[in-house]
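**Q** Structure file structure.cif (mmCIF, C-alpha atoms) is given on the next line.
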```cif
data_coords
loop_
_atom_site.group_PDB
_atom_site.id
_atom_site.type_symbol
_atom_site.label_atom_id
_atom_site.label_comp_id
_atom_site.auth_asym_id
_atom_site.auth_seq_id
_atom_site.Cartn_x
_atom_site.Cartn_y
_atom_site.Cartn_z
ATOM 1 C CA MET A 1 85.676 -59.519 -22.958
ATOM 2 C CA ASP A 2 86.838 -56.168 -24.094
ATOM 3 C CA LEU A 3 89.482 -53.638 -23.183
ATOM 4 C CA ARG A 4 86.760 -51.013 -23.088
ATOM 5 C CA ASP A 5 85.307 -52.854 -20.084
ATOM 6 C CA SER A 6 88.565 -52.200 -18.219
ATOM 7 C CA LEU A 7 88.275 -48.525 -19.096
ATOM 8 C CA ASN A 8 84.708 -48.414 -17.792
ATOM 9 C CA VAL A 9 85.570 -50.236 -14.567
ATOM 10 C CA ALA A 10 88.473 -47.860 -13.875
ATOM 11 C CA ALA A 11 86.234 -44.885 -14.706
ATOM 12 C CA ALA A 12 83.682 -46.148 -12.153
ATOM 13 C CA GLY A 13 86.525 -46.318 -9.631
ATOM 14 C CA MET A 14 87.473 -42.730 -10.378
ATOM 15 C CA LYS A 15 83.886 -41.630 -10.048
ATOM 16 C CA VAL A 16 83.454 -43.054 -6.535
ATOM 17 C CA GLN A 17 86.765 -41.565 -5.407
ATOM 18 C CA GLY A 18 85.575 -38.218 -6.787
ATOM 19 C CA ALA A 19 82.369 -38.559 -4.750
ATOM 20 C CA ARG A 20 84.516 -39.352 -1.717
ATOM 21 C CA ILE A 21 86.572 -36.171 -2.233
ATOM 22 C CA LYS A 22 83.310 -34.225 -2.451
ATOM 23 C CA VAL A 23 82.149 -35.581 0.928
ATOM 24 C CA ILE A 24 85.571 -34.828 2.441
ATOM 25 C CA ALA A 25 85.425 -31.273 1.074
ATOM 26 C CA GLU A 26 81.994 -30.858 2.637
ATOM 27 C CA ASN A 27 83.271 -32.070 6.017
ATOM 28 C CA MET A 28 86.354 -29.863 5.868
ATOM 29 C CA ALA A 29 84.353 -26.805 4.863
ATOM 30 C CA ASN A 30 81.977 -27.350 7.772
ATOM 31 C CA ALA A 31 84.666 -28.135 10.355
ATOM 32 C CA ASN A 32 83.625 -25.061 12.329
ATOM 33 C CA SER A 33 79.912 -24.884 11.519
ATOM 34 C CA THR A 34 78.297 -24.509 14.930
ATOM 35 C CA ALA A 35 74.567 -24.407 15.562
ATOM 36 C CA GLU A 36 72.705 -21.112 15.341
ATOM 37 C CA THR A 37 71.093 -21.361 18.772
ATOM 38 C CA PRO A 38 72.217 -23.136 21.958
ATOM 39 C CA ASN A 39 69.500 -25.753 21.489
ATOM 40 C CA ASP A 40 70.451 -26.828 17.957
ATOM 41 C CA LEU A 41 73.098 -29.332 16.970
ATOM 42 C CA PRO A 42 76.135 -28.409 14.871
ATOM 43 C CA TYR A 43 77.151 -29.984 11.539
ATOM 44 C CA ARG A 44 77.497 -33.763 11.662
ATOM 45 C CA ARG A 45 80.368 -35.388 9.804
ATOM 46 C CA LYS A 46 79.415 -37.460 6.746
ATOM 47 C CA VAL A 47 80.951 -40.813 5.834
ATOM 48 C CA ILE A 48 80.836 -42.487 2.449
ATOM 49 C CA THR A 49 80.898 -46.252 1.845
ATOM 50 C CA PHE A 50 81.444 -48.158 -1.385
ATOM 51 C CA GLU A 51 80.182 -51.474 -2.643
ATOM 52 C CA ASN A 52 81.028 -53.888 -5.404
ATOM 53 C CA ALA A 53 78.219 -53.976 -7.960
ATOM 54 C CA LEU A 54 77.485 -56.027 -11.038
ATOM 55 C CA ASP A 55 76.962 -53.922 -14.139
ATOM 56 C CA ARG A 56 74.446 -56.005 -16.061
ATOM 57 C CA GLU A 57 74.891 -54.093 -19.269
ATOM 58 C CA MET A 58 78.636 -54.715 -19.406
ATOM 59 C CA GLY A 59 78.538 -58.019 -17.514
ATOM 60 C CA VAL A 60 81.412 -56.974 -15.275
ATOM 61 C CA GLU A 61 81.689 -56.065 -11.639
ATOM 62 C CA THR A 62 82.333 -52.407 -10.948
ATOM 63 C CA VAL A 63 82.160 -50.220 -7.874
ATOM 64 C CA ARG A 64 79.537 -47.741 -6.753
ATOM 65 C CA VAL A 65 78.667 -45.559 -3.782
ATOM 66 C CA ARG A 66 76.631 -47.575 -1.292
ATOM 67 C CA LYS A 67 75.613 -44.878 1.110
ATOM 68 C CA ILE A 68 76.517 -41.436 2.384
ATOM 69 C CA ASP A 69 75.860 -41.780 6.090
ATOM 70 C CA LYS A 70 76.222 -39.580 9.153
ATOM 71 C CA ASP A 71 79.022 -40.154 11.636
ATOM 72 C CA ARG A 72 77.248 -40.746 14.952
ATOM 73 C CA SER A 73 80.230 -40.022 17.195
ATOM 74 C CA ASP A 74 80.086 -37.325 19.901
ATOM 75 C CA PHE A 75 80.462 -33.636 19.126
ATOM 76 C CA GLN A 76 83.436 -31.695 20.403
ATOM 77 C CA ARG A 77 82.759 -29.339 23.326
ATOM 78 C CA ARG A 78 84.650 -26.137 23.776
ATOM 79 C CA TYR A 79 84.374 -23.546 26.529
ATOM 80 C CA ASP A 80 83.467 -20.181 24.988
ATOM 81 C CA PRO A 81 80.828 -18.238 26.991
ATOM 82 C CA THR A 82 80.884 -15.332 24.515
ATOM 83 C CA HIS A 83 79.766 -17.530 21.604
ATOM 84 C CA PRO A 84 76.132 -16.934 20.521
ATOM 85 C CA SER A 85 75.331 -20.659 20.628
ATOM 86 C CA ALA A 86 76.963 -21.332 24.007
ATOM 87 C CA ASN A 87 74.766 -23.132 26.545
ATOM 88 C CA ALA A 88 74.079 -22.075 30.151
ATOM 89 C CA GLU A 89 77.472 -23.401 31.364
ATOM 90 C CA GLY A 90 79.286 -21.587 28.554
ATOM 91 C CA TYR A 91 80.064 -24.636 26.386
ATOM 92 C CA VAL A 92 79.662 -24.670 22.595
ATOM 93 C CA LEU A 93 79.138 -27.847 20.571
ATOM 94 C CA PHE A 94 81.479 -28.094 17.587
ATOM 95 C CA PRO A 95 81.147 -30.560 14.652
ATOM 96 C CA ASN A 96 82.664 -34.049 15.042
ATOM 97 C CA VAL A 97 85.023 -33.323 12.151
ATOM 98 C CA ASN A 98 88.706 -34.023 12.701
ATOM 99 C CA THR A 99 90.694 -32.258 9.985
ATOM 100 C CA LEU A 100 93.617 -34.664 10.467
ATOM 101 C CA VAL A 101 91.367 -37.647 9.716
ATOM 102 C CA GLU A 102 89.838 -35.848 6.739
ATOM 103 C CA THR A 103 93.266 -34.955 5.342
ATOM 104 C CA ASN A 104 94.411 -38.557 5.591
ATOM 105 C CA ASP A 105 91.195 -39.727 3.952
ATOM 106 C CA MET A 106 91.772 -37.238 1.160
ATOM 107 C CA ARG A 107 95.293 -38.565 0.570
ATOM 108 C CA GLU A 108 93.959 -42.090 0.322
ATOM 109 C CA ALA A 109 91.232 -41.036 -2.125
ATOM 110 C CA GLN A 110 93.867 -39.232 -4.178
ATOM 111 C CA ARG A 111 96.081 -42.342 -4.332
ATOM 112 C CA SER A 112 93.186 -44.571 -5.369
ATOM 113 C CA TYR A 113 92.133 -42.040 -7.996
ATOM 114 C CA GLU A 114 95.667 -41.995 -9.413
ATOM 115 C CA ALA A 115 95.787 -45.793 -9.442
ATOM 116 C CA ASN A 116 92.549 -45.922 -11.452
ATOM 117 C CA LEU A 117 93.911 -43.302 -13.809
ATOM 118 C CA SER A 118 97.019 -45.421 -14.355
ATOM 119 C CA VAL A 119 94.797 -48.382 -15.235
ATOM 120 C CA ILE A 120 93.036 -46.247 -17.842
ATOM 121 C CA GLU A 121 96.403 -45.222 -19.297
ATOM 122 C CA ALA A 122 97.580 -48.833 -19.322
ATOM 123 C CA SER A 123 94.384 -50.077 -20.994
ATOM 124 C CA LYS A 124 94.652 -47.304 -23.553
ATOM 125 C CA THR A 125 98.212 -48.367 -24.356
ATOM 126 C CA LEU A 126 97.004 -51.945 -24.858
ATOM 127 C CA LEU A 127 94.289 -50.718 -27.229
ATOM 128 C CA MET A 128 96.845 -48.675 -29.185
ATOM 129 C CA ARG A 129 99.093 -51.718 -29.480
ATOM 130 C CA THR A 130 96.219 -53.747 -30.832
ATOM 131 C CA ILE A 131 95.621 -51.074 -33.450
ATOM 132 C CA GLU A 132 99.338 -51.082 -34.282
ATOM 133 C CA ILE A 133 99.017 -54.706 -35.388
ATOM 134 C CA LEU A 134 96.985 -53.435 -38.321
ATOM 135 C CA ARG A 135 99.835 -51.203 -39.450
ATOM 136 C CA GLY A 136 101.972 -54.290 -39.780
ATOM 137 C CA MET B 137 92.623 -71.235 -45.333
ATOM 138 C CA ASP B 138 91.803 -69.049 -42.400
ATOM 139 C CA LEU B 139 95.090 -67.588 -41.228
ATOM 140 C CA GLY B 140 93.596 -66.360 -37.948
ATOM 141 C CA ASN B 141 92.957 -69.905 -36.866
ATOM 142 C CA THR B 142 96.323 -71.436 -37.605
ATOM 143 C CA GLY B 143 98.794 -72.540 -34.958
ATOM 144 C CA LEU B 144 100.814 -69.576 -33.780
ATOM 145 C CA PHE B 145 98.149 -66.998 -34.628
ATOM 146 C CA LYS B 146 95.576 -68.847 -32.631
ATOM 147 C CA LEU B 147 97.933 -69.209 -29.693
ATOM 148 C CA MET B 148 98.782 -65.501 -29.773
ATOM 149 C CA LYS B 149 95.116 -64.615 -29.999
ATOM 150 C CA GLY B 150 94.463 -66.791 -26.963
ATOM 151 C CA LYS B 151 97.219 -65.052 -25.045
ATOM 152 C CA LEU B 152 95.919 -61.591 -26.021
ATOM 153 C CA ASP B 153 92.427 -62.602 -24.888
ATOM 154 C CA TRP B 154 93.863 -63.798 -21.604
ATOM 155 C CA LEU B 155 95.776 -60.537 -21.121
ATOM 156 C CA THR B 156 92.678 -58.460 -21.928
ATOM 157 C CA GLU B 157 90.627 -60.368 -19.409
ATOM 158 C CA ARG B 158 93.368 -60.075 -16.812
ATOM 159 C CA GLN B 159 93.541 -56.314 -17.355
ATOM 160 C CA GLN B 160 89.824 -56.171 -16.667
ATOM 161 C CA VAL B 161 90.110 -58.219 -13.480
ATOM 162 C CA LEU B 162 92.950 -55.962 -12.284
ATOM 163 C CA ALA B 163 90.929 -52.833 -13.129
ATOM 164 C CA GLN B 164 88.122 -54.282 -11.021
ATOM 165 C CA ASN B 165 90.478 -54.913 -8.081
ATOM 166 C CA ILE B 166 91.877 -51.385 -8.241
ATOM 167 C CA ALA B 167 88.435 -49.787 -8.569
ATOM 168 C CA ASN B 168 87.419 -51.684 -5.416
ATOM 169 C CA ALA B 169 90.571 -50.725 -3.495
ATOM 170 C CA ASP B 170 88.430 -49.050 -0.812
ATOM 171 C CA THR B 171 85.373 -51.309 -0.798
ATOM 172 C CA PRO B 172 84.835 -53.025 2.574
ATOM 173 C CA ARG B 173 85.266 -56.820 2.591
ATOM 174 C CA TYR B 174 86.392 -56.904 -1.059
ATOM 175 C CA ARG B 175 88.820 -59.695 -1.941
ATOM 176 C CA PRO B 176 90.930 -59.230 -5.081
ATOM 177 C CA SER B 177 90.941 -61.923 -7.739
ATOM 178 C CA ASP B 178 93.299 -62.902 -10.511
ATOM 179 C CA LEU B 179 93.222 -65.202 -13.521
ATOM 180 C CA THR B 180 94.826 -68.580 -13.356
ATOM 181 C CA GLY B 181 98.005 -68.659 -15.425
ATOM 182 C CA PHE B 182 98.054 -68.995 -19.195
ATOM 183 C CA THR B 183 99.628 -72.408 -19.477
ATOM 184 C CA PHE B 184 100.326 -74.701 -22.381
ATOM 185 C CA ASP B 185 97.726 -77.200 -21.186
ATOM 186 C CA ASN B 186 95.155 -74.459 -20.801
ATOM 187 C CA ALA B 187 95.844 -73.012 -24.245
ATOM 188 C CA LEU B 188 95.696 -76.467 -25.744
ATOM 189 C CA SER B 189 92.364 -77.257 -24.130
ATOM 190 C CA GLN B 190 91.016 -74.078 -25.668
ATOM 191 C CA THR B 191 92.315 -74.783 -29.129
ATOM 192 C CA ARG B 192 91.480 -78.437 -29.318
ATOM 193 C CA GLN B 193 87.976 -79.560 -28.536
ATOM 194 C CA LEU B 194 87.430 -83.134 -27.565
ATOM 195 C CA ALA B 195 84.572 -84.956 -29.157
ATOM 196 C CA PRO B 196 82.922 -87.707 -27.143
ATOM 197 C CA ARG B 197 83.038 -91.092 -28.821
ATOM 198 C CA MET B 198 79.745 -92.542 -29.934
ATOM 199 C CA THR B 199 79.611 -96.188 -28.936
ATOM 200 C CA ALA B 200 75.984 -96.795 -29.740
ATOM 201 C CA VAL B 201 73.658 -95.601 -32.444
ATOM 202 C CA GLY B 202 71.362 -93.869 -29.983
ATOM 203 C CA HIS B 203 74.118 -91.619 -28.626
ATOM 204 C CA MET B 204 73.936 -87.938 -29.370
ATOM 205 C CA SER B 205 76.891 -86.273 -30.951
ATOM 206 C CA GLY B 206 78.390 -83.166 -29.429
ATOM 207 C CA SER B 207 81.587 -81.717 -28.191
ATOM 208 C CA VAL B 208 82.964 -80.576 -24.884
ATOM 209 C CA ALA B 209 82.854 -76.776 -24.918
ATOM 210 C CA ALA B 210 86.183 -75.017 -24.638
ATOM 211 C CA ARG B 211 86.796 -73.765 -21.169
ATOM 212 C CA GLY B 212 87.007 -70.006 -20.587
ATOM 213 C CA ASN B 213 89.578 -68.321 -18.411
ATOM 214 C CA ASP B 214 89.309 -69.134 -14.747
ATOM 215 C CA VAL B 215 89.017 -66.194 -12.342
ATOM 216 C CA ARG B 216 89.934 -67.077 -8.774
ATOM 217 C CA GLU B 217 90.293 -65.253 -5.509
ATOM 218 C CA ASP B 218 93.819 -64.003 -4.963
ATOM 219 C CA ARG B 219 94.675 -64.814 -1.365
ATOM 220 C CA PRO B 220 96.863 -62.326 0.502
ATOM 221 C CA LYS B 221 100.295 -63.595 1.457
ATOM 222 C CA SER B 222 100.043 -62.370 5.018
ATOM 223 C CA ASN B 223 97.370 -61.133 7.417
ATOM 224 C CA PHE B 224 99.008 -57.727 7.543
ATOM 225 C CA GLU B 225 97.813 -56.986 4.038
ATOM 226 C CA VAL B 226 94.158 -57.153 5.039
ATOM 227 C CA ALA B 227 92.711 -53.801 6.123
ATOM 228 C CA PRO B 228 90.520 -53.663 9.260
ATOM 229 C CA ASP B 229 87.431 -53.384 7.009
ATOM 230 C CA GLY B 230 88.272 -56.735 5.395
ATOM 231 C CA ASN B 231 89.627 -55.308 2.145
ATOM 232 C CA SER B 232 92.754 -57.086 0.984
ATOM 233 C CA VAL B 233 93.668 -55.149 -2.171
ATOM 234 C CA VAL B 234 97.314 -54.068 -2.180
ATOM 235 C CA LEU B 235 97.555 -51.246 -4.721
ATOM 236 C CA GLU B 236 101.301 -51.702 -5.313
ATOM 237 C CA GLU B 237 100.838 -55.377 -6.067
ATOM 238 C CA GLN B 238 97.957 -54.681 -8.462
ATOM 239 C CA MET B 239 99.882 -51.911 -10.235
ATOM 240 C CA SER B 240 102.884 -54.162 -10.797
ATOM 241 C CA LYS B 241 100.533 -56.752 -12.259
ATOM 242 C CA VAL B 242 99.110 -54.094 -14.601
ATOM 243 C CA ALA B 243 102.644 -53.179 -15.690
ATOM 244 C CA ASP B 244 103.451 -56.844 -16.224
ATOM 245 C CA THR B 245 100.296 -57.315 -18.320
ATOM 246 C CA GLY B 246 101.235 -54.267 -20.426
ATOM 247 C CA MET B 247 104.723 -55.583 -21.140
ATOM 248 C CA THR B 248 103.534 -59.051 -22.052
ATOM 249 C CA TYR B 249 100.854 -57.521 -24.278
ATOM 250 C CA GLN B 250 103.521 -55.525 -26.101
ATOM 251 C CA LEU B 251 105.623 -58.651 -26.504
ATOM 252 C CA VAL B 252 102.752 -60.638 -28.012
ATOM 253 C CA THR B 253 101.585 -57.833 -30.338
ATOM 254 C CA ASN B 254 105.164 -57.387 -31.587
ATOM 255 C CA LEU B 255 105.369 -61.114 -32.138
ATOM 256 C CA TYR B 256 102.081 -60.935 -34.016
ATOM 257 C CA ARG B 257 103.365 -58.172 -36.287
ATOM 258 C CA LYS B 258 106.601 -60.044 -36.955
ATOM 259 C CA HIS B 259 104.633 -63.114 -37.882
ATOM 260 C CA VAL B 260 102.417 -61.117 -40.241
ATOM 261 C CA GLY B 261 105.628 -59.697 -41.768
ATOM 262 C CA LEU B 262 106.925 -63.209 -42.187
ATOM 263 C CA MET B 263 103.737 -64.147 -44.024
ATOM 264 C CA ARG B 264 104.144 -61.122 -46.271
ATOM 265 C CA THR B 265 107.679 -62.154 -47.115
ATOM 266 C CA ALA B 266 106.400 -65.603 -47.923
ATOM 267 C CA ILE B 267 103.895 -64.249 -50.406
ATOM 268 C CA GLY B 268 106.609 -62.084 -51.920
ATOM 269 C CA ARG B 269 105.685 -58.601 -50.890
ATOM 270 C CA GLY B 270 108.578 -57.959 -48.570
ATOM 271 C CA GLY B 271 107.951 -57.835 -44.884
ATOM 272 C CA VAL B 272 109.491 -56.245 -41.842
#
```
Turn the structure described in the file into structure tokens.

**A**
Amino acid sequence: MDLRDSLNVAAAGMKVQGARIKVIAENMANANSTAETPNDLPYRRKVITFENALDREMGVETVRVRKIDKDRSDFQRRYDPTHPSANAEGYVLFPNVNTLVETNDMREAQRSYEANLSVIEASKTLLMRTIEILRG
Amino acid sequence: MDLGNTGLFKLMKGKLDWLTERQQVLAQNIANADTPRYRPSDLTGFTFDNALSQTRQLAPRMTAVGHMSGSVAARGNDVREDRPKSNFEVAPDGNSVVLEEQMSKVADTGMTYQLVTNLYRKHVGLMRTAIGRGGV
């Protein structure tokens, strides 16, 4: 049992939250990515899931990305007959990305990232205090 | 005489070990703050009985010549699931980590760690005084 394990676990937590931010950024950037032709489908929102995993080397349980999946919900439809990818009735399919949902997700990822960072700081302080014992 | 294994030193070492392990368990909970179906855990308290059972090992009595000698191994720290106080604290995905609660536990661990390391240093100072080199 080592304080460095705590540092590694918190670092794993930061890593997955970083991956989550990356997926959110991708979704946000593609919020308006329509298909090129009327027959194609627009960008599909991605969702990330985490899982608890045993790190055999350290002998502790950390966290890792389980899967980056596609959100299978319906696309948004907007009426815009002038759009190049509009179908015969004049409707265009837009990605199933809701920027409000993404923003909230981003906030949550940010909070979790900060919490993990605080754990690293706290563990570092504990390590420093252990070293201070030597100074007597 | 091994100073590290005498009374107060051994007790303080036990407490520091406990705090280190707790920090790791808390780091694990915080890293998994967004993992579906994850239940946080915590260590059982560092009690006098517990500390005593770690310091003193009981040897089984041999009542016959054919009996094998041996000792009951000291028990390690016990990690148990930390049940949420109310149903409201469980997210729809089954995750019941409350970041605020975990962070306050981290802060608590840090303060206790500081207390014990200071105590440790004072005790070392006391030893120094005893051997005539002037302590803190």

**Q** Could you list the residues chosen by the PyMOL selection byres ((chain A) within 7 of (chain B)) in this structure as a list in words?

**A**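 In the shown coordinates, the PyMOL selection byres ((chain A) within 7 of (chain B)) covers Met1, Asp2, Leu3, Asp5, Ser6, Val9, Ala10, Ala12, Gly13, Phe50, Glu51, Asn52, Glu61, Thr62, Val63, Ser112, Ala115, Asn116, Val119, Ala122, Leu126, Arg129, Thr130, Ile133 and Gly136 of chain A.
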
**Q** Those same residues, written as a PDB file, in the coordinates of the input with C-alpha atoms?

**A**
```
ATOM      1  CA  MET A   1      85.676 -59.519 -22.958  1.00  0.00           C
ATOM      2  CA  ASP A   2      86.838 -56.168 -24.094  1.00  0.00           C
ATOM      3  CA  LEU A   3      89.482 -53.638 -23.183  1.00  0.00           C
ATOM      4  CA  ASP A   5      85.307 -52.854 -20.084  1.00  0.00           C
ATOM      5  CA  SER A   6      88.565 -52.200 -18.219  1.00  0.00           C
ATOM      6  CA  VAL A   9      85.570 -50.236 -14.567  1.00  0.00           C
ATOM      7  CA  ALA A  10      88.473 -47.860 -13.875  1.00  0.00           C
ATOM      8  CA  ALA A  12      83.682 -46.148 -12.153  1.00  0.00           C
ATOM      9  CA  GLY A  13      86.525 -46.318  -9.631  1.00  0.00           C
ATOM     10  CA  PHE A  50      81.444 -48.158  -1.385  1.00  0.00           C
ATOM     11  CA  GLU A  51      80.182 -51.474  -2.643  1.00  0.00           C
ATOM     12  CA  ASN A  52      81.028 -53.888  -5.404  1.00  0.00           C
ATOM     13  CA  GLU A  61      81.689 -56.065 -11.639  1.00  0.00           C
ATOM     14  CA  THR A  62      82.333 -52.407 -10.948  1.00  0.00           C
ATOM     15  CA  VAL A  63      82.160 -50.220  -7.874  1.00  0.00           C
ATOM     16  CA  SER A 112      93.186 -44.571  -5.369  1.00  0.00           C
ATOM     17  CA  ALA A 115      95.787 -45.793  -9.442  1.00  0.00           C
ATOM     18  CA  ASN A 116      92.549 -45.922 -11.452  1.00  0.00           C
ATOM     19  CA  VAL A 119      94.797 -48.382 -15.235  1.00  0.00           C
ATOM     20  CA  ALA A 122      97.580 -48.833 -19.322  1.00  0.00           C
ATOM     21  CA  LEU A 126      97.004 -51.945 -24.858  1.00  0.00           C
ATOM     22  CA  ARG A 129      99.093 -51.718 -29.480  1.00  0.00           C
ATOM     23  CA  THR A 130      96.219 -53.747 -30.832  1.00  0.00           C
ATOM     24  CA  ILE A 133      99.017 -54.706 -35.388  1.00  0.00           C
ATOM     25  CA  GLY A 136     101.972 -54.290 -39.780  1.00  0.00           C
TER      26      GLY A 136
END
```

**Q** With a distance cut-off of 8 Å and all atoms listed in the file, select the neighbouring residues of stretch 78-84 of chain A, excluding the residue or stretch itself and same-chain residues fewer than 6 positions from it, and output the selection as a JSON list (two decimals) with C-alpha atoms, keeping the file's coordinate frame.

**A**
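Output file out34.json follows:
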```json
[["chain", "number", "residue", "atom", "x", "y", "z"],
["A", 36, "GLU", "CA", 72.70, -21.11, 15.34],
["A", 37, "THR", "CA", 71.09, -21.36, 18.77],
["A", 38, "PRO", "CA", 72.22, -23.14, 21.96],
["A", 90, "GLY", "CA", 79.29, -21.59, 28.55],
["A", 91, "TYR", "CA", 80.06, -24.64, 26.39],
["A", 92, "VAL", "CA", 79.66, -24.67, 22.60],
["A", 93, "LEU", "CA", 79.14, -27.85, 20.57],
["A", 94, "PHE", "CA", 81.48, -28.09, 17.59]]
```

**Q** List the neighbours of A:Gln110 out to 12 Å using only C-alpha atoms; skip same-chain residues closer than 6 positions along the sequence, and give me the result as a list in words.

**A** Gly13, Met14, Lys15, Val16, Gln17, Gly18, Ala19, Arg20, Ile21, Lys22, Ile24, Thr103, Asn104, Asn116 and Leu117 of chain A; Ala169 and Asp170 of chain B

**Q** Can you give me, as a PyMOL selection string, the residues this file yields under the PyMOL selection byres ((chain A and resi 69) around 8)?

**A** chain A and resi 46-49+67-68+70-71

**Q** Rounded to one decimal, what separation in Å do you get between atom CA of B:Arg175 and atom CA of B:Ser222?

**A**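 Computed distance, atom CA of B:Arg175 to atom CA of B:Ser222, equals 13.5 Å.
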
**Q** From the list A:Ala86, A:Val60, A:Met128, A:Ala109, which residue is nearest A:Ala25 when using all atoms listed in the file?

**A**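 Of all the options, A:Ala109 lies closest to A:Ala25.
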
**Q** Determine the residue set returned by the PyMOL selection byres ((chain A and resi 27) around 8) for the present structure, and present it as an MDAnalysis selection string.

**A** chainID A and resid 23:26 28:31 45:46 97 102

**Q** Set the distance at 7 Å and use all atoms listed in the file: which residues neighbour B:Leu179 once local chain neighbours fewer than 4 positions away are removed? I'd like the list as an MDAnalysis selection string.

**A** chainID B and resid 158 213:216

**Q** Quick check, in Å to one decimal: how far apart do atom CA of A:Val101 and atom CA of A:Ala35 lie?

**A**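 Between atom CA of A:Val101 and atom CA of A:Ala35 the gap works out to 22.2 Å.
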
**Q** Work out how far atom CA of B:Thr248 is from atom CA of B:Asp178, in Å to one decimal.

**A**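 Separation between atom CA of B:Asp178 and atom CA of B:Thr248: 15.9 Å.
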
**Q** Give me, as a ChimeraX atom specification, all polymer residues having an atom no more than 8 Å from B:Pro220, counting only C-alpha atoms and skipping those fewer than 5 positions away in the same chain.

**A** /B:225-226,232

**Q** With distances taken over all atoms listed in the file, which residue among B:Pro176, B:Val234, B:Phe184, B:Leu262 lies nearest B:Glu217?

**A** B:Pro176
